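Coordinates from upload30.txt are shown below (compact mmCIF, C-alpha atoms).
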```
# COMPACT_ATOMS: atom_id res chain seq x y z
CA MET A 1 25.29 -10.60 5.72
CA ALA A 2 25.52 -13.69 3.57
CA ASP A 3 21.78 -13.93 3.22
CA VAL A 4 21.53 -10.39 1.93
CA ALA A 5 23.68 -11.32 -1.01
CA THR A 6 21.36 -14.12 -2.04
CA ALA A 7 18.47 -11.71 -2.30
CA ALA A 8 20.32 -9.49 -4.75
CA GLY A 9 21.07 -10.18 -8.36
CA PRO A 10 18.81 -10.28 -11.39
CA PRO A 11 15.07 -10.61 -10.76
CA GLU A 12 13.99 -14.21 -10.56
CA PRO A 13 11.32 -15.30 -12.97
CA GLN A 14 9.46 -17.06 -10.18
CA ALA A 15 8.08 -15.68 -6.99
CA LYS A 16 10.33 -16.21 -4.03
CA GLN A 17 9.20 -18.67 -1.46
CA VAL A 18 9.25 -17.07 1.91
CA VAL A 19 9.02 -18.98 5.14
CA TYR A 20 6.97 -17.31 7.83
CA CYS A 21 7.18 -18.13 11.49
CA GLY A 22 4.27 -20.23 12.68
CA VAL A 23 4.17 -18.46 16.02
CA CYS A 24 4.40 -14.75 15.28
CA SER A 25 3.81 -14.89 11.48
CA LEU A 26 6.85 -12.70 10.72
CA PRO A 27 9.75 -13.90 8.62
CA PRO A 28 11.88 -15.84 11.11
CA GLU A 29 14.72 -13.35 11.00
CA TYR A 30 12.40 -10.77 12.55
CA CYS A 31 11.23 -13.04 15.36
CA GLU A 32 13.63 -11.39 17.75
CA PHE A 33 11.51 -8.25 17.55
CA GLY A 34 8.20 -9.99 18.04
CA GLY A 35 8.23 -10.54 21.79
CA THR A 36 7.76 -14.30 21.58
CA VAL A 37 11.34 -15.17 20.73
CA LYS A 38 11.53 -18.34 22.80
CA LYS A 39 8.51 -19.91 21.19
CA CYS A 40 9.54 -18.76 17.74
CA GLU A 41 12.93 -20.33 18.19
CA GLU A 42 11.42 -23.64 19.22
CA TRP A 43 9.04 -23.58 16.30
CA LEU A 44 11.82 -22.88 13.85
CA LYS A 45 13.97 -25.59 15.32
CA SER A 46 11.32 -28.22 14.77
CA HIS A 47 10.14 -27.00 11.37
CA HIS A 48 13.18 -25.60 9.60
CA PRO A 49 16.28 -26.83 11.39
CA ASP A 50 18.67 -25.47 8.76
CA MET A 51 17.30 -21.98 9.08
CA HIS A 52 17.35 -22.25 12.83
CA GLU A 53 21.01 -23.02 12.72
CA ARG A 54 21.72 -20.00 10.60
CA LEU A 55 19.65 -17.53 12.56
CA TYR A 56 20.35 -18.60 16.11
CA SER A 57 24.01 -19.56 15.89
CA GLN A 58 26.40 -17.76 18.18
CA ASP A 59 28.07 -16.05 15.22
CA THR A 60 24.94 -14.32 14.06
CA ILE A 61 24.09 -13.20 17.53
CA ASN A 62 27.54 -11.74 17.95
CA ALA A 63 27.36 -10.09 14.57
CA ASN A 64 24.05 -8.54 15.47
CA MET A 65 25.38 -7.26 18.74
CA SER A 66 28.55 -5.76 17.36
CA THR A 67 26.67 -3.33 15.13
CA LEU A 68 25.16 -1.53 18.07
CA THR A 69 26.79 0.57 20.72
CA LEU A 70 26.73 -0.78 24.23
CA GLU A 71 24.19 1.70 25.41
CA ALA A 72 21.84 1.12 22.52
CA GLN A 73 22.15 -2.59 23.17
CA LYS A 74 21.07 -2.16 26.74
CA ARG A 75 18.11 -0.10 25.72
CA ALA A 76 17.12 -2.57 23.06
CA ASP A 77 17.39 -5.39 25.57
CA LYS A 78 15.20 -3.61 28.03
CA ASP A 79 12.69 -2.87 25.33
CA ALA A 80 12.67 -6.44 24.17
CA GLN A 81 12.06 -7.66 27.69
CA LYS A 82 9.19 -5.26 28.10
CA LYS A 83 7.70 -6.37 24.84
CA ALA A 84 8.04 -10.03 25.74
CA ALA A 85 6.32 -9.42 29.05
CA LYS A 86 3.55 -7.57 27.29
CA ALA A 87 3.07 -10.29 24.74
CA SER A 88 2.90 -13.03 27.34
CA ALA A 89 0.48 -10.98 29.42
CA ALA A 90 -1.75 -10.42 26.43
CA GLU A 91 -1.70 -14.11 25.67
CA ALA A 92 -2.58 -15.02 29.24
CA ARG A 93 -5.41 -12.54 29.19
CA ALA A 94 -6.76 -13.90 25.93
CA GLN A 95 -6.68 -17.39 27.35
CA GLU A 96 -8.46 -16.31 30.48
CA ILE A 97 -11.18 -14.63 28.49
CA LYS A 98 -11.54 -17.75 26.46
CA ALA A 99 -11.78 -19.92 29.53
CA SER A 100 -14.28 -17.74 31.29
CA SER A 101 -16.54 -16.69 28.46
CA LYS A 102 -19.82 -18.54 28.33
CA VAL A 103 -21.80 -19.80 25.41
CA LEU A 104 -25.50 -19.22 25.94
CA ILE A 105 -28.10 -21.23 24.13
CA LYS A 106 -31.46 -19.57 24.51
CA ARG A 107 -34.85 -20.84 23.59
CA VAL A 108 -36.97 -17.87 22.67
CA GLU A 109 -40.72 -18.19 22.32
CA ARG A 110 -41.79 -16.74 19.07
CA ASN A 111 -45.45 -17.57 18.68
CA LYS A 112 -47.07 -19.65 21.44
CA ARG A 113 -45.91 -23.04 20.22
CA LYS A 114 -43.10 -21.88 17.97
CA TYR A 115 -39.57 -21.24 19.13
CA VAL A 116 -36.32 -19.95 17.84
CA THR A 117 -32.98 -20.77 19.37
CA ALA A 118 -30.41 -18.06 19.90
CA VAL A 119 -26.75 -18.89 20.45
CA GLN A 120 -24.51 -16.25 21.96
CA GLY A 121 -20.87 -16.04 22.84
CA LEU A 122 -19.34 -18.33 20.24
CA GLU A 123 -17.21 -15.53 18.86
CA ALA A 124 -15.23 -15.33 22.10
CA HIS A 125 -13.97 -18.82 21.38
CA GLY A 126 -12.51 -17.80 18.09
CA LEU A 127 -15.28 -19.10 15.89
CA GLU A 128 -16.68 -17.31 12.93
CA LEU A 129 -20.35 -16.81 13.45
CA LYS A 130 -21.24 -16.78 9.80
CA LYS A 131 -19.66 -20.12 9.16
CA VAL A 132 -21.03 -21.68 12.31
CA ALA A 133 -24.50 -20.43 11.42
CA LYS A 134 -24.23 -22.09 8.05
CA ASP A 135 -23.15 -25.32 9.70
CA PHE A 136 -26.07 -25.21 12.10
CA GLY A 137 -28.44 -24.70 9.22
CA LYS A 138 -26.97 -27.62 7.34
CA LYS A 139 -26.86 -29.91 10.31
CA PHE A 140 -30.39 -29.26 11.51
CA ALA A 141 -31.95 -28.47 8.14
CA THR A 142 -33.43 -25.20 9.35
CA GLY A 143 -32.97 -21.55 8.73
CA SER A 144 -30.00 -20.19 10.62
CA SER A 145 -28.57 -16.72 10.50
CA VAL A 146 -26.36 -14.23 12.25
CA THR A 147 -28.38 -11.41 13.76
CA LYS A 148 -27.22 -8.21 15.34
CA LEU A 149 -28.18 -7.63 18.94
CA PRO A 150 -29.63 -4.28 19.91
CA GLY A 151 -26.91 -3.82 22.54
CA GLY A 152 -24.11 -4.46 20.06
CA GLY A 153 -22.58 -7.80 19.20
CA GLU A 154 -24.06 -10.62 17.24
CA GLU A 155 -25.77 -13.93 17.86
CA ILE A 156 -26.80 -16.89 15.80
CA THR A 157 -30.51 -17.43 15.47
CA VAL A 158 -31.66 -20.88 14.50
CA GLN A 159 -35.27 -21.54 13.63
CA GLY A 160 -37.03 -24.12 15.75
CA ASP A 161 -36.58 -25.43 19.26
CA LEU A 162 -33.16 -26.99 19.02
CA SER A 163 -31.50 -26.00 22.24
CA ASP A 164 -30.60 -29.55 23.32
CA ASP A 165 -29.46 -30.57 19.87
CA ILE A 166 -27.30 -27.51 19.52
CA TYR A 167 -25.84 -28.14 22.96
CA ASP A 168 -24.81 -31.63 21.94
CA TYR A 169 -23.54 -30.46 18.58
CA VAL A 170 -21.41 -27.69 20.05
CA VAL A 171 -19.92 -29.99 22.66
CA GLU A 172 -19.17 -32.55 19.99
CA THR A 173 -17.71 -30.38 17.25
CA TYR A 174 -15.96 -27.57 19.06
CA LYS A 175 -13.83 -29.42 21.54
CA ASP A 176 -12.02 -26.25 22.55
CA ILE A 177 -15.06 -25.00 24.39
CA PRO A 178 -15.28 -26.51 27.86
CA GLU A 179 -18.64 -28.15 28.39
CA ASP A 180 -19.20 -26.31 31.65
CA ASN A 181 -19.19 -23.05 29.80
CA ILE A 182 -22.16 -23.91 27.67
CA GLU A 183 -25.48 -23.09 29.18
CA CYS A 184 -29.03 -23.61 28.06
CA ILE A 185 -31.63 -21.10 29.12
CA GLU A 186 -35.25 -20.70 28.36
CA ASP A 187 -36.04 -17.13 27.61
CA LYS A 188 -39.44 -16.15 28.91
CA LYS A 189 -39.45 -12.86 27.08
CA LYS A 190 -42.76 -12.45 25.26
CA LYS A 191 -42.98 -10.63 22.02
CA GLY A 192 -45.74 -8.05 21.99
CA GLY A 193 -49.10 -9.21 20.56
CA GLY A 194 -48.19 -12.79 19.81
CA MET B 1 -1.67 3.43 9.21
CA PHE B 2 -2.49 0.01 10.63
CA LYS B 3 -1.11 0.28 14.12
CA LYS B 4 -4.16 -1.25 15.69
CA ASP B 5 -5.63 -4.57 14.78
CA ILE B 6 -8.19 -4.07 12.07
CA THR B 7 -11.27 -5.95 11.12
CA PRO B 8 -11.96 -6.31 7.43
CA GLY B 9 -15.15 -4.76 6.14
CA ALA B 10 -17.26 -5.71 3.20
CA LYS B 11 -15.67 -7.85 0.54
CA SER B 12 -16.78 -7.40 -3.03
CA LYS B 13 -15.70 -8.58 -6.41
CA VAL B 14 -13.76 -6.22 -8.61
CA LYS B 15 -15.20 -5.54 -12.03
CA SER B 16 -13.05 -6.95 -14.77
CA SER B 17 -12.55 -3.51 -16.27
CA ALA B 18 -11.45 -2.17 -12.91
CA GLN B 19 -9.19 -5.16 -12.54
CA ARG B 20 -7.53 -4.33 -15.82
CA ALA B 21 -7.09 -0.76 -14.65
CA ILE B 22 -5.43 -2.00 -11.46
CA ARG B 23 -3.07 -4.15 -13.44
CA ASN B 24 -2.09 -1.23 -15.61
CA LYS B 25 -1.64 0.98 -12.63
CA VAL B 26 0.59 -1.53 -10.91
CA VAL B 27 2.75 -1.90 -13.98
CA GLU B 28 2.90 1.84 -14.41
CA GLU B 29 3.92 2.44 -10.85
CA TYR B 30 6.30 -0.48 -10.56
CA PRO B 31 7.69 -1.04 -14.05
CA LEU B 32 9.99 -3.74 -12.76
CA LEU B 33 7.00 -5.82 -11.81
CA ALA B 34 5.82 -6.00 -15.42
CA PRO B 35 7.41 -9.38 -16.16
CA HIS B 36 5.78 -10.85 -13.06
CA ILE B 37 2.39 -9.25 -13.28
CA ASP B 38 0.75 -12.40 -14.56
CA GLU B 39 2.05 -14.21 -11.55
CA ILE B 40 0.75 -11.65 -9.10
CA ILE B 41 -2.56 -10.89 -10.75
CA PRO B 42 -3.33 -13.72 -13.15
CA LYS B 43 -5.51 -12.53 -15.99
CA LYS B 44 -8.23 -15.06 -15.43
CA GLU B 45 -8.52 -14.74 -11.68
CA GLN B 46 -11.11 -12.72 -9.90
CA LEU B 47 -9.76 -10.04 -7.59
CA ASP B 48 -11.63 -9.02 -4.47
CA LEU B 49 -11.83 -5.61 -2.91
CA VAL B 50 -11.87 -5.58 0.86
CA LYS B 51 -12.75 -2.38 2.60
CA LEU B 52 -10.66 -1.56 5.64
CA PRO B 53 -11.17 1.16 8.22
CA ASP B 54 -10.04 4.72 7.41
CA ARG B 55 -10.94 4.49 3.75
CA VAL B 56 -8.29 2.00 2.89
CA SER B 57 -9.14 -0.51 0.25
CA LEU B 58 -7.27 -3.73 -0.10
CA TYR B 59 -7.16 -5.82 -3.23
CA THR B 60 -6.89 -9.51 -2.59
CA LEU B 61 -6.70 -12.65 -4.64
CA GLY B 62 -8.61 -15.28 -2.73
CA SER B 63 -7.25 -14.88 0.76
CA THR B 64 -3.86 -13.42 -0.17
CA PRO B 65 -3.62 -9.66 0.09
CA LEU B 66 -1.85 -8.01 -2.83
CA PHE B 67 -2.14 -4.23 -2.87
CA PHE B 68 -3.74 -1.60 -0.73
CA GLN B 69 -4.64 1.97 -1.29
CA HIS B 70 -5.71 4.83 0.94
CA MET B 71 -8.39 6.79 -0.91
CA ASP B 72 -6.74 7.70 -4.19
CA ASP B 73 -3.15 7.68 -3.00
CA ASN B 74 -0.47 5.45 -4.38
CA LEU B 75 -1.19 1.81 -4.74
CA LEU B 76 1.08 0.17 -2.20
CA PRO B 77 2.13 -3.47 -2.28
CA HIS B 78 1.43 -5.72 0.67
CA LEU B 79 4.63 -6.91 2.30
CA SER B 80 4.02 -10.51 1.29
CA VAL B 81 4.17 -9.35 -2.33
CA VAL B 82 7.35 -7.46 -1.57
CA HIS B 83 8.87 -10.56 -0.04
CA LYS B 84 8.06 -12.55 -3.14
CA PHE B 85 9.49 -9.99 -5.56
CA PRO B 86 12.08 -8.08 -3.59
CA ASP B 87 13.92 -6.79 -6.61
CA CYS B 88 11.04 -4.99 -8.22
CA PHE B 89 10.75 -1.98 -5.94
CA SER B 90 12.85 1.01 -5.03
CA ARG B 91 14.61 0.09 -1.86
CA ILE B 92 16.39 1.71 1.00
CA ARG B 93 17.84 0.18 4.11
CA ILE B 94 17.75 1.08 7.77
CA ASP B 95 20.33 0.26 10.40
CA ARG B 96 19.78 -2.37 13.02
CA GLY B 97 18.93 0.02 15.79
CA ALA B 98 15.93 1.35 13.92
CA ILE B 99 14.29 -2.00 13.26
CA ARG B 100 12.56 -2.30 16.59
CA PHE B 101 11.08 1.17 16.28
CA VAL B 102 9.81 0.55 12.79
CA LEU B 103 8.30 -2.74 13.83
CA SER B 104 6.38 -1.04 16.60
CA GLY B 105 4.91 1.45 14.19
CA ALA B 106 7.02 4.54 14.71
CA THR B 107 7.60 7.11 12.00
CA LEU B 108 10.80 6.28 10.19
CA MET B 109 13.41 8.93 10.93
CA VAL B 110 16.23 9.94 8.64
CA PRO B 111 19.19 9.07 10.92
CA GLY B 112 18.24 5.41 10.67
CA LEU B 113 18.92 5.67 6.95
CA THR B 114 22.01 7.84 6.91
CA SER B 115 23.98 6.03 9.62
CA PRO B 116 26.64 3.48 8.60
CA GLY B 117 24.15 0.60 8.72
CA GLY B 118 21.59 2.37 6.55
CA ARG B 119 21.59 2.60 2.78
CA LEU B 120 20.23 5.24 0.47
CA PRO B 121 20.57 5.38 -3.30
CA ASP B 122 24.14 6.31 -3.95
CA PRO B 123 25.75 7.03 -7.34
CA GLU B 124 29.01 5.56 -6.11
CA ALA B 125 27.52 2.38 -4.76
CA GLU B 126 29.34 -0.79 -5.68
CA GLY B 127 28.73 -4.48 -5.44
CA GLU B 128 26.03 -5.42 -3.04
CA ASP B 129 24.90 -1.88 -2.38
CA GLU B 130 23.98 -1.36 -6.00
CA ARG B 131 20.62 -2.87 -5.34
CA TYR B 132 19.63 0.26 -3.50
CA GLY B 133 19.80 2.19 -6.75
CA LYS B 134 21.98 5.02 -7.93
CA GLU B 135 19.53 7.77 -8.51
CA ASP B 136 18.06 9.83 -5.74
CA LEU B 137 14.41 9.32 -5.03
CA GLU B 138 11.89 12.12 -4.95
CA PRO B 139 9.48 12.68 -2.07
CA GLY B 140 6.26 10.81 -2.78
CA THR B 141 7.97 7.73 -4.18
CA VAL B 142 6.87 4.38 -2.88
CA VAL B 143 9.83 2.64 -1.31
CA VAL B 144 10.41 -0.65 0.40
CA VAL B 145 12.53 -0.51 3.51
CA GLU B 146 14.90 -3.34 4.22
CA ALA B 147 16.93 -3.78 7.36
CA GLU B 148 20.58 -4.21 8.07
CA GLY B 149 21.52 -7.87 8.23
CA LYS B 150 18.07 -9.03 7.21
CA GLU B 151 17.00 -10.61 4.01
CA HIS B 152 13.40 -9.46 3.86
CA ALA B 153 11.83 -6.06 3.83
CA CYS B 154 10.12 -4.76 6.93
CA PHE B 155 8.27 -1.66 5.82
CA VAL B 156 6.51 -0.17 2.82
CA GLY B 157 5.59 3.46 2.55
CA VAL B 158 5.82 6.75 0.76
CA LEU B 159 8.87 8.99 1.11
CA LYS B 160 8.25 12.24 2.89
CA MET B 161 11.63 13.67 2.04
CA GLY B 162 13.77 13.23 -1.04
CA THR B 163 16.81 11.08 -0.51
CA SER B 164 19.20 13.80 -1.64
CA GLU B 165 17.77 16.09 1.00
CA MET B 166 18.13 13.35 3.59
CA LYS B 167 21.80 13.07 2.89
CA LYS B 168 22.20 16.80 3.45
CA VAL B 169 19.99 17.35 6.46
CA LYS B 170 20.41 14.00 8.22
CA LYS B 171 17.46 14.46 10.50
CA GLY B 172 13.71 14.65 10.49
CA GLN B 173 11.03 12.29 9.38
CA ALA B 174 11.66 10.10 6.39
CA MET B 175 8.45 8.16 5.99
CA GLU B 176 5.24 7.90 7.86
CA GLY B 177 2.20 5.72 8.15
CA GLY B 178 3.04 2.84 5.90
CA HIS B 179 2.66 -0.87 6.29
CA TYR B 180 5.15 -2.67 8.50
CA LEU B 181 5.73 -6.25 9.54
CA GLY B 182 3.38 -7.33 12.28
CA ASP B 183 0.88 -4.49 11.96
CA GLY B 184 -2.85 -4.82 11.64
CA LEU B 185 -2.75 -5.30 7.90
CA TRP B 186 -0.09 -7.95 8.24
CA GLY B 187 -2.09 -9.84 10.82
CA LEU B 188 -5.31 -9.51 8.88
CA ASN B 189 -7.17 -12.76 8.58
CA LEU B 190 -9.10 -12.92 5.36
CA GLY B 191 -10.32 -16.49 5.85
```
Just give me the structure as structure tokens.
Amino acid sequence: MADVATAAGPPEPQAKQVVYCGVCSLPPEYCEFGGTVKKCEEWLKSHHPDMHERLYSQDTINANMSTLTLEAQKRADKDAQKKAAKASAAEARAQEIKASSKVLIKRVERNKRKYVTAVQGLEAHGLELKKVAKDFGKKFATGSSVTKLPGGGEEITVQGDLSDDIYDYVVETYKDIPEDNIECIEDKKKKGGG
Amino acid sequence: MFKKDITPGAKSKVKSSAQRAIRNKVVEEYPLLAPHIDEIIPKKEQLDLVKLPDRVSLYTLGSTPLFFQHMDDNLLPHLSVVHKFPDCFSRIRIDRGAIRFVLSGATLMVPGLTSPGGRLPDPEAEGEDERYGKEDLEPGTVVVVEAEGKEHACFVGVLKMGTSEMKKVKKGQAMEGGHYLGDGLWGLNLG
């Protein structure tokens, strides 16, 4: 309850500085409801030890518990466990998707001797296509844009035959993407009346 | 309102006249914010309007969200603004048991407010509880919901029921479809 008192009083002239948890992004006192309590606690311990002491001391835990009836406590516990399981499952799934999703670099024939290079699947690795497209354009000094695919989704189209260069660039700059997941293909699809 | 993760839509600059109108509206709706308005929306800065699904528009300053609005409803503050200026809004408090429901997006029910851990505006409030106000709030007021034993607010929304009625009836829905900690709006990445 002590921390409630500090929030009261006359309005401060300055904005309050609020610390947010680096794991679940909530204010640390709400971490216990986030489902990733363990990680949040570790994060807080290493980043704001004083706050960690206050929030995770035995006293606070006891104080929190005493306000609930036994039955409600049990239910809350069960719920929290469920939520934690869900959160960890979601995380595992996200990681799996990341590990298995492929980046395709396609060379598409545009006009007999002219090519464009299409890059697909970067978004699954948590990259922002628009920014990456800009970087490609800057790096290779060509036109580069994000185009919508007819089947939904988006890809980056880079002008010119750059598939090998892009391969090297992606491997070099985005270390999170395993090299095995990047694939170069030559698209034989012909555009009508070229 | 933002139970699911949301993806921000088009971002556009707010006209300076519209920006002035927003400022006035904020001050009008939250008179206590008036001394801090220059800190929240500096006069010289350019606000952005980000369109969100379901006709919600969000006003941001750079990549910090400030206020959001569903169609022409009340202008609601983003929780990060509430955390920065906790004393500038009408507040109520929920008991500990209700926190986990609110944080998973449930409609806020009255018993969470009327139980011993909850706080509603009370003319006889003393000391620490005075911050929850003395005058009853009408339905339709924007309120910030704090939680028992916590320093920061966890929910922002519009009252569905007046607080005097809540004290009498002690059941039913209190608020619905606001913005809570950890929802889609909270997790929104405006890069």
Near-Lys3 of chain B list (12 Å; all atoms listed in the file; drop same-chain fewer than 3 positions) as a ChimeraX atom specification = /B:6,53,102-107,176-188
Per-axis box centre and lengths in Å around segment 46-58 of chain A, 8 Å margin per side, axis-aligned, as lines of an AutoDock Vina configuration file:
```
center_x = 18.3
center_y = -22.9
center_z = 13.5
size_x = 32.3
size_y = 26.7
size_z = 25.4
```
Just how far from atom CA of Cys184 of chain A is atom CA of Leu104 of chain A, in Å to one decimal?
->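 These two atoms are separated by 6.0 Å.
For chain B, the residues having at least one atom no farther than 8 Å from chain A, when counting only C-alpha atoms, are Pro35, His36, Glu39, His83, Lys84, Phe85, Pro86, Asp87, Cys88, Arg96, Gly97, Arg100, Leu103, Gly117, Glu128, Arg131, Gly149, Lys150, Glu151, His152, Leu181, Gly182 and Gly187 of chain B.
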Test item: residues at most 12 Å from Tyr169 of chain A, all atoms listed in the file, excluding those fewer than 3 positions along its chain, as a compact mmCIF listing (two decimals) with C-alpha atoms, in the coordinates of the input:
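part11.txt, written as the output of this step:
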```
# COMPACT_ATOMS: atom_id res chain seq x y z
CA ILE A 105 -28.10 -21.23 24.13
CA VAL A 132 -21.03 -21.68 12.31
CA ASP A 135 -23.15 -25.32 9.70
CA PHE A 136 -26.07 -25.21 12.10
CA LYS A 139 -26.86 -29.91 10.31
CA PHE A 140 -30.39 -29.26 11.51
CA LEU A 162 -33.16 -26.99 19.02
CA SER A 163 -31.50 -26.00 22.24
CA ASP A 164 -30.60 -29.55 23.32
CA ASP A 165 -29.46 -30.57 19.87
CA ILE A 166 -27.30 -27.51 19.52
CA GLU A 172 -19.17 -32.55 19.99
CA THR A 173 -17.71 -30.38 17.25
CA TYR A 174 -15.96 -27.57 19.06
CA LYS A 175 -13.83 -29.42 21.54
CA ILE A 177 -15.06 -25.00 24.39
CA GLU A 179 -18.64 -28.15 28.39
CA ILE A 182 -22.16 -23.91 27.67
```
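Taking atom CA of Asn74 of chain B and atom CA of Ala153 of chain B as the two end points, the separation is 18.7 Å.
Atom CA of Gly143 of chain A to atom CA of Ile185 of chain A spans 20.4 Å [interatomic distance, one decimal].
Each of B:Ala174, B:Gln19, B:Leu79, B:Val56 was compared to Lys43 of chain B using only C-alpha atoms, and B:Gln19 turns out to be the nearest.
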Around (-13.6, -15.9, 11.8), as given in the file, which residues come within 12 Å? Count only C-alpha atoms and list them as a PDB file with C-alpha atoms, in the frame of the given file.
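The new file selection_12.pdb reads:
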```pdb
ATOM      1  CA  LEU A 122     -19.340 -18.330  20.240  1.00  0.00           C
ATOM      2  CA  GLU A 123     -17.210 -15.530  18.860  1.00  0.00           C
ATOM      3  CA  ALA A 124     -15.230 -15.330  22.100  1.00  0.00           C
ATOM      4  CA  HIS A 125     -13.970 -18.820  21.380  1.00  0.00           C
ATOM      5  CA  GLY A 126     -12.510 -17.800  18.090  1.00  0.00           C
ATOM      6  CA  LEU A 127     -15.280 -19.100  15.890  1.00  0.00           C
ATOM      7  CA  GLU A 128     -16.680 -17.310  12.930  1.00  0.00           C
ATOM      8  CA  LEU A 129     -20.350 -16.810  13.450  1.00  0.00           C
ATOM      9  CA  LYS A 130     -21.240 -16.780   9.800  1.00  0.00           C
ATOM     10  CA  LYS A 131     -19.660 -20.120   9.160  1.00  0.00           C
ATOM     11  CA  VAL A 132     -21.030 -21.680  12.310  1.00  0.00           C
ATOM     12  CA  ALA A 133     -24.500 -20.430  11.420  1.00  0.00           C
TER      13      ALA A 133
ATOM     14  CA  THR B   7     -11.270  -5.950  11.120  1.00  0.00           C
ATOM     15  CA  PRO B   8     -11.960  -6.310   7.430  1.00  0.00           C
ATOM     16  CA  LEU B 188      -5.310  -9.510   8.880  1.00  0.00           C
ATOM     17  CA  ASN B 189      -7.170 -12.760   8.580  1.00  0.00           C
ATOM     18  CA  LEU B 190      -9.100 -12.920   5.360  1.00  0.00           C
ATOM     19  CA  GLY B 191     -10.320 -16.490   5.850  1.00  0.00           C
TER      20      GLY B 191
END
```
Have a look at A:Ala94, A:Cys21, A:Val170, A:Ala89 and name the one nearest to His52 of chain A; count all atoms listed in the file.
->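 Of all the options, A:Cys21 lies closest to His52 of chain A.
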Within 12 Å of Pro42 of chain B, counting only C-alpha atoms, which residues show up once you throw out same-chain ones fewer than 3 positions away? Write them as a ChimeraX atom specification, please.
-> /B:16,19-20,23,35-39,45-47,60-62,66
Which one of A:Gln159, A:Ser145, A:Thr36, A:Asn181 sits closest to Glu109 of chain A if you count only C-alpha atoms?
->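 Nearest to Glu109 of chain A: A:Gln159.
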Of the residues A:Ser57, A:Gly160, A:Asp168, A:Met51, which is the one nearest to Arg113 of chain A, using all atoms listed in the file?
->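 Closest to Arg113 of chain A of all the choices is A:Gly160.
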Name the residues in contact with Lys148 of chain A at a cut-off of 12 Å, using only C-alpha atoms, excluding same-chain residues fewer than 6 positions from it; report them as a PyMOL selection string.
-> chain A and resi 118-120+129-130+154-157
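Distance check against Ser57 of chain B using only C-alpha atoms: of B:Lys11, B:Lys25, B:Arg119, B:Lys167, the minimum falls on B:Lys11.
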